[in-house]
file upload07.tsv (TSV, C-alpha atoms)
chain	number	residue	atom	x	y	z
A	7	MET	CA	101.78	160.78	5.38
A	8	VAL	CA	104.44	159.09	3.25
A	9	GLY	CA	104.19	156.02	5.50
A	10	GLY	CA	100.43	155.86	4.94
A	11	LEU	CA	100.89	156.10	1.18
A	12	LEU	CA	103.51	153.36	1.26
A	13	LEU	CA	101.20	151.14	3.30
A	14	LEU	CA	98.40	151.78	0.81
A	15	ALA	CA	100.72	150.98	-2.12
A	16	PHE	CA	101.75	147.69	-0.49
A	17	ALA	CA	98.10	146.83	0.13
A	18	PHE	CA	97.30	147.40	-3.55
A	19	LEU	CA	100.30	145.24	-4.46
A	20	ALA	CA	99.02	142.44	-2.20
A	21	VAL	CA	95.57	142.61	-3.79
A	22	GLY	CA	97.19	142.55	-7.23
A	23	GLN	CA	99.26	139.48	-6.34
A	24	ALA	CA	96.20	137.66	-5.02
A	25	THR	CA	94.14	138.59	-8.08
A	26	ALA	CA	96.86	137.43	-10.48
A	27	ASN	CA	97.17	134.13	-8.62
A	28	ARG	CA	93.39	133.65	-8.64
A	29	ASN	CA	93.25	134.42	-12.37
A	30	SER	CA	95.98	131.83	-12.90
A	31	ALA	CA	93.89	129.22	-11.10
A	32	GLN	CA	90.78	130.10	-13.14
A	33	THR	CA	92.71	129.92	-16.41
A	34	ALA	CA	94.09	126.50	-15.44
A	35	ALA	CA	90.64	125.23	-14.42
A	36	ASP	CA	88.99	126.49	-17.63
A	37	ALA	CA	91.72	125.10	-19.88
A	38	ALA	CA	91.79	121.73	-18.10
A	39	ALA	CA	88.01	121.29	-18.20
A	40	LEU	CA	87.87	122.18	-21.89
A	41	ALA	CA	90.79	119.85	-22.70
A	42	ALA	CA	89.06	116.93	-20.95
A	43	ALA	CA	85.77	117.61	-22.75
A	44	LEU	CA	87.48	117.98	-26.15
A	45	ASP	CA	89.28	114.68	-25.62
A	46	THR	CA	85.96	112.95	-24.94
A	47	ARG	CA	84.27	114.77	-27.85
A	48	ASP	CA	86.86	113.23	-30.18
A	49	GLN	CA	86.19	109.76	-28.69
A	50	LEU	CA	82.44	110.25	-29.18
A	51	THR	CA	83.01	111.24	-32.81
A	52	ASP	CA	85.14	108.13	-33.38
A	53	GLU	CA	82.34	106.03	-31.83
A	54	TRP	CA	79.75	107.71	-34.08
A	55	VAL	CA	81.88	107.06	-37.18
A	56	ALA	CA	82.31	103.41	-36.16
A	57	ASN	CA	78.51	103.10	-35.91
A	58	VAL	CA	77.51	105.38	-38.78
A	59	LEU	CA	75.74	102.52	-40.56
A	60	ASP	CA	73.60	101.80	-37.49
A	61	PRO	CA	71.57	104.98	-36.89
A	62	THR	CA	69.74	103.34	-33.97
A	63	LYS	CA	72.94	103.96	-31.95
A	64	TRP	CA	73.40	107.59	-33.01
A	65	GLN	CA	71.27	109.24	-30.33
A	66	ASP	CA	72.99	107.44	-27.47
A	67	ILE	CA	76.37	108.51	-28.84
A	68	LEU	CA	75.25	112.11	-29.39
A	69	ASP	CA	74.03	112.13	-25.78
A	70	GLY	CA	77.50	111.09	-24.56
A	71	GLY	CA	77.05	107.32	-24.38
A	72	GLY	CA	79.24	104.52	-25.63
A	73	VAL	CA	82.64	105.79	-24.49
A	74	ALA	CA	84.61	105.91	-21.27
A	75	PHE	CA	85.10	109.45	-19.98
A	76	THR	CA	88.90	109.38	-19.75
A	77	GLY	CA	89.63	113.06	-20.37
A	78	CYS	CA	90.96	113.72	-16.85
A	79	ALA	CA	94.45	112.61	-17.92
A	80	ARG	CA	94.43	115.35	-20.55
A	81	ALA	CA	93.10	117.83	-17.96
A	82	SER	CA	96.02	117.06	-15.65
A	83	GLN	CA	98.53	117.55	-18.48
A	84	LEU	CA	97.10	120.93	-19.38
A	85	ALA	CA	96.90	122.05	-15.75
A	86	ALA	CA	100.57	121.19	-15.29
A	87	GLN	CA	101.40	123.40	-18.28
A	88	ASN	CA	99.57	126.20	-16.44
A	89	ASP	CA	101.44	125.62	-13.15
A	90	ALA	CA	98.49	124.02	-11.39
A	91	THR	CA	97.17	120.68	-10.22
A	92	VAL	CA	93.59	119.57	-10.73
A	93	ASP	CA	90.92	117.43	-9.21
A	94	CYS	CA	88.90	116.28	-12.22
A	95	THR	CA	85.46	114.65	-12.05
A	96	PRO	CA	83.88	113.15	-15.18
A	97	GLN	CA	80.12	113.67	-15.39
A	98	PRO	CA	78.96	111.21	-18.07
A	99	GLY	CA	75.46	110.73	-16.67
A	100	LEU	CA	74.45	114.38	-16.69
A	101	SER	CA	72.63	116.13	-19.50
A	102	PRO	CA	74.75	117.48	-21.06
A	103	PRO	CA	77.70	115.34	-19.99
A	104	GLY	CA	81.07	116.88	-19.25
A	105	TYR	CA	83.79	117.42	-16.67
A	106	GLU	CA	84.08	119.42	-13.47
A	107	VAL	CA	87.61	120.54	-12.64
A	108	VAL	CA	88.99	122.19	-9.50
A	109	ALA	CA	92.44	123.72	-10.12
A	110	THR	CA	94.91	124.77	-7.45
A	111	THR	CA	97.91	126.90	-8.34
A	112	ASP	CA	101.37	125.45	-7.71
A	113	LYS	CA	102.67	128.89	-6.76
A	114	SER	CA	101.44	130.66	-3.67
A	115	VAL	CA	100.20	134.22	-3.52
A	116	GLY	CA	103.65	135.13	-2.19
A	117	ASP	CA	105.01	137.50	0.40
A	118	SER	CA	103.06	140.65	1.06
A	119	ILE	CA	102.09	142.91	3.92
A	120	VAL	CA	99.13	140.62	4.58
A	121	PRO	CA	100.33	137.94	7.01
A	122	GLY	CA	99.85	134.29	6.00
A	123	THR	CA	99.63	134.79	2.23
A	124	GLU	CA	103.08	133.35	1.55
A	125	ASN	CA	101.67	129.80	1.71
A	126	THR	CA	98.21	130.47	0.27
A	127	HIS	CA	97.38	128.87	-3.08
A	128	SER	CA	94.40	129.91	-5.19
A	129	THR	CA	91.72	127.38	-6.08
A	130	GLU	CA	89.11	127.82	-8.81
A	131	ARG	CA	86.45	125.62	-10.41
A	132	ALA	CA	85.27	125.14	-14.01
A	133	THR	CA	82.80	122.85	-15.75
A	134	ALA	CA	82.94	122.03	-19.46
A	135	VAL	CA	80.06	120.28	-21.22
A	136	ILE	CA	79.65	118.38	-24.48
A	137	GLU	CA	76.40	119.09	-26.30
A	138	PRO	CA	75.21	117.57	-29.57
A	139	ARG	CA	74.91	120.04	-32.45
A	140	CYS	CA	72.82	117.75	-34.66
A	141	ASP	CA	69.59	115.85	-34.59
A	142	PHE	CA	67.92	113.40	-36.96
A	143	GLU	CA	64.79	111.34	-37.41
A	144	LEU	CA	64.85	107.59	-37.79
A	145	PRO	CA	62.57	106.28	-40.56
A	146	ASP	CA	59.34	104.74	-39.37
A	147	GLU	CA	59.50	100.98	-39.00
A	148	PRO	CA	56.86	99.09	-41.00
A	149	PRO	CA	54.52	96.97	-38.89
A	150	ALA	CA	55.87	93.46	-38.26
A	151	ASP	CA	53.04	91.82	-40.21
A	152	GLU	CA	53.59	94.02	-43.27
A	153	GLU	CA	55.88	93.01	-46.12
A	154	PRO	CA	58.55	95.54	-47.14
A	155	PRO	CA	58.04	97.08	-50.60
A	156	ALA	CA	59.53	95.08	-53.47
A	157	ASP	CA	61.81	97.90	-54.64
A	158	ASP	CA	62.95	98.70	-51.04
A	159	THR	CA	64.37	102.07	-52.13
A	160	ASP	CA	64.84	103.29	-48.55
A	161	ALA	CA	66.93	100.30	-47.41
A	162	ASP	CA	70.24	102.02	-48.16
A	163	VAL	CA	69.37	105.47	-46.90
A	164	LEU	CA	70.76	106.89	-43.69
A	165	PRO	CA	68.86	109.57	-41.78
A	166	LYS	CA	69.71	113.16	-42.61
A	167	LEU	CA	71.65	114.95	-39.87
A	168	THR	CA	70.35	118.46	-39.31
A	169	CYS	CA	72.88	120.51	-37.39
A	170	GLU	CA	73.02	123.97	-35.89
A	171	ASP	CA	73.35	126.90	-38.28
A	172	GLY	CA	71.19	125.02	-40.82
A	173	VAL	CA	73.92	122.61	-41.90
A	174	GLU	CA	72.54	119.34	-43.24
A	175	TRP	CA	74.41	116.09	-43.83
A	176	ASN	CA	72.89	113.68	-46.37
A	177	LEU	CA	74.91	110.55	-45.76
A	178	ASP	CA	75.34	107.94	-48.48
A	179	PRO	CA	76.15	104.50	-46.99
A	180	LYS	CA	78.00	103.59	-50.20
A	181	ASP	CA	80.28	106.65	-49.99
A	182	LEU	CA	81.26	107.58	-46.45
A	183	THR	CA	84.24	109.76	-47.37
A	184	ASN	CA	82.64	113.06	-46.33
A	185	LEU	CA	81.52	112.66	-42.73
A	186	PRO	CA	80.98	115.35	-40.10
A	187	LYS	CA	84.01	116.32	-38.02
A	188	PRO	CA	83.98	116.46	-34.19
A	189	GLU	CA	83.20	120.20	-34.21
A	190	ASP	CA	80.28	119.55	-36.59
A	191	LEU	CA	78.69	116.97	-34.29
A	192	PHE	CA	79.42	118.43	-30.84
A	193	ASP	CA	79.74	121.79	-29.12
A	194	VAL	CA	82.18	121.93	-26.21
A	195	HIS	CA	81.96	124.95	-23.94
A	196	LEU	CA	82.27	126.10	-20.36
A	197	ALA	CA	79.04	125.88	-18.40
A	198	ASP	CA	77.82	128.82	-16.35

call {"tool": "encode", "arguments": {"input": "upload07.tsv", "output": "C-alpha cells"}}
result
Amino acid sequence: MVGGLLLLAFAFLAVGQATANRNSAQTAADAAALAAALDTRDQLTDEWVANVLDPTKWQDILDGGGVAFTGCARASQLAAQNDATVDCTPQPGLSPPGYEVVATTDKSVGDSIVPGTENTHSTERATAVIEPRCDFELPDEPPADEEPPADDTDADVLPKLTCEDGVEWNLDPKDLTNLPKPEDLFDVHLAD
C-alpha cells in the first residue's frame, strides 16, 4: 500500500514538473510576442509623428504600414530572459498585424518516474497583435474645377482623431507639442 502511495506521489510530481515547464514556455511565448509587438507599435508611432502634417498617410500607418517589422530581435531577448528560445514570425500583412512566436524552454521537464522526460522541452505558441485605437475623417476635397475659398480657413486644420474611450485629439499644425503617445494610438494584446 505504501508503495502504491509513493508511486502515486511520484506521478503527481511528474505532472507538476511538466505543468511548470509548460507554463514557463507559455510565459516566454506571451512575453516575447508582446515585446515584439510593442517594439513595432513604437516604430509605428514614430512614423505617425513624422507624418503628422500629412493626414493622407495616417490610415496606412494606423493599419501597420510604413515600417519594417523588426520586433523579433526584442522577442529573442525577452525569451532568453525567460530561459527559452523563440521562433518569431512577423505578420505585417494581416489585419490586425502582429507577431506569432513559438517558444521552447531551455530546461527540460527533468527526471521523473515517466521515462523519456529528462530530455523533453516544452513548446508553446502566442500571437500578439497591434490594433489602432483611433480613427479620423479626411476633409472632403473640393472638385478640381472649383476654386478654393478666398479665406481658406480649413487649410491649416488637421483631422480630429477620435480614439477609444471617447478621447479626442484636436491637433494644431502650428503647435504639435501635445501629440498622442503610442498607447493612445495603438492597442497591443495577445490574440485568442

call {"tool": "residues_around", "arguments": {"input": "upload07.tsv", "residues": "Asp178 of chain A", "least_positions_apart": "3", "cutoff": "8 Å", "atoms": "only C-alpha atoms", "output": "ChimeraX atom specification"}}
result
/A:162-164,181-182

call {"tool": "residues_around", "arguments": {"input": "upload07.tsv", "residues": "Ala109 of chain A", "least_positions_apart": "2", "cutoff": "6 Å", "atoms": "all atoms listed in the file", "output": "ChimeraX atom specification"}}
result
/A:31,35,91-92,129-130

call {"tool": "residues_near_point", "arguments": {"input": "upload07.tsv", "point": "(83.4, 117.2, -20.8)", "cutoff": "6 Å", "atoms": "all atoms listed in the file", "output": "JSON, numbers by chain"}}
result
{"A": [42, 43, 104, 105, 134, 135, 136]}

call {"tool": "residues_around", "arguments": {"input": "upload07.tsv", "residues": "Glu53 of chain A", "least_positions_apart": "4", "cutoff": "9 Å", "atoms": "only C-alpha atoms", "output": "list in words"}}
result
Asp48, Gln49, Asn57, Val58, Ile67, Gly72 and Val73 of chain A

call {"tool": "residues_around", "arguments": {"input": "upload07.tsv", "residues": "Ala85 of chain A", "least_positions_apart": "2", "cutoff": "8 Å", "atoms": "all atoms listed in the file", "output": "JSON, numbers by chain"}}
result
{"A": [34, 35, 37, 38, 81, 82, 83, 87, 88, 89, 90, 91, 92, 109]}

call {"tool": "atom_distance", "arguments": {"input": "upload07.tsv", "atom1": "atom CA of Leu191 of chain A", "atom2": "atom CA of Pro145 of chain A"}}
result
20.3 Å

call {"tool": "closest_residue", "arguments": {"input": "upload07.tsv", "among": "A:Thr133, A:Thr168, A:Thr62, A:Thr76", "to": "Asp45 of chain A", "atoms": "all atoms listed in the file"}}
result
A:Thr76

call {"tool": "closest_residue", "arguments": {"input": "upload07.tsv", "among": "A:Leu40, A:Leu177, A:Trp54, A:Leu185", "to": "Cys94 of chain A", "atoms": "all atoms listed in the file"}}
result
A:Leu40

call {"tool": "atom_distance", "arguments": {"input": "upload07.tsv", "atom1": "atom CA of Asp66 of chain A", "atom2": "atom CA of Ala132 of chain A"}}
result
25.4 Å

call {"tool": "closest_residue", "arguments": {"input": "upload07.tsv", "among": "A:Glu189, A:Asp93, A:Asp171, A:Asp198", "to": "Thr111 of chain A", "atoms": "all atoms listed in the file"}}
result
A:Asp93

call {"tool": "atom_distance", "arguments": {"input": "upload07.tsv", "atom1": "atom CA of Gly71 of chain A", "atom2": "atom CA of Thr33 of chain A"}}
result
28.6 Å

call {"tool": "closest_residue", "arguments": {"input": "upload07.tsv", "among": "A:Ala74, A:Ala39, A:Cys140, A:Ala79", "to": "Val107 of chain A", "atoms": "only C-alpha atoms"}}
result
A:Ala39

call {"tool": "closest_residue", "arguments": {"input": "upload07.tsv", "among": "A:Arg131, A:Pro165, A:Pro138, A:Arg47", "to": "Pro179 of chain A", "atoms": "all atoms listed in the file"}}
result
A:Pro165

call {"tool": "closest_residue", "arguments": {"input": "upload07.tsv", "among": "A:Gln97, A:Arg80, A:Lys180, A:Leu68", "to": "Leu167 of chain A", "atoms": "all atoms listed in the file"}}
result
A:Leu68
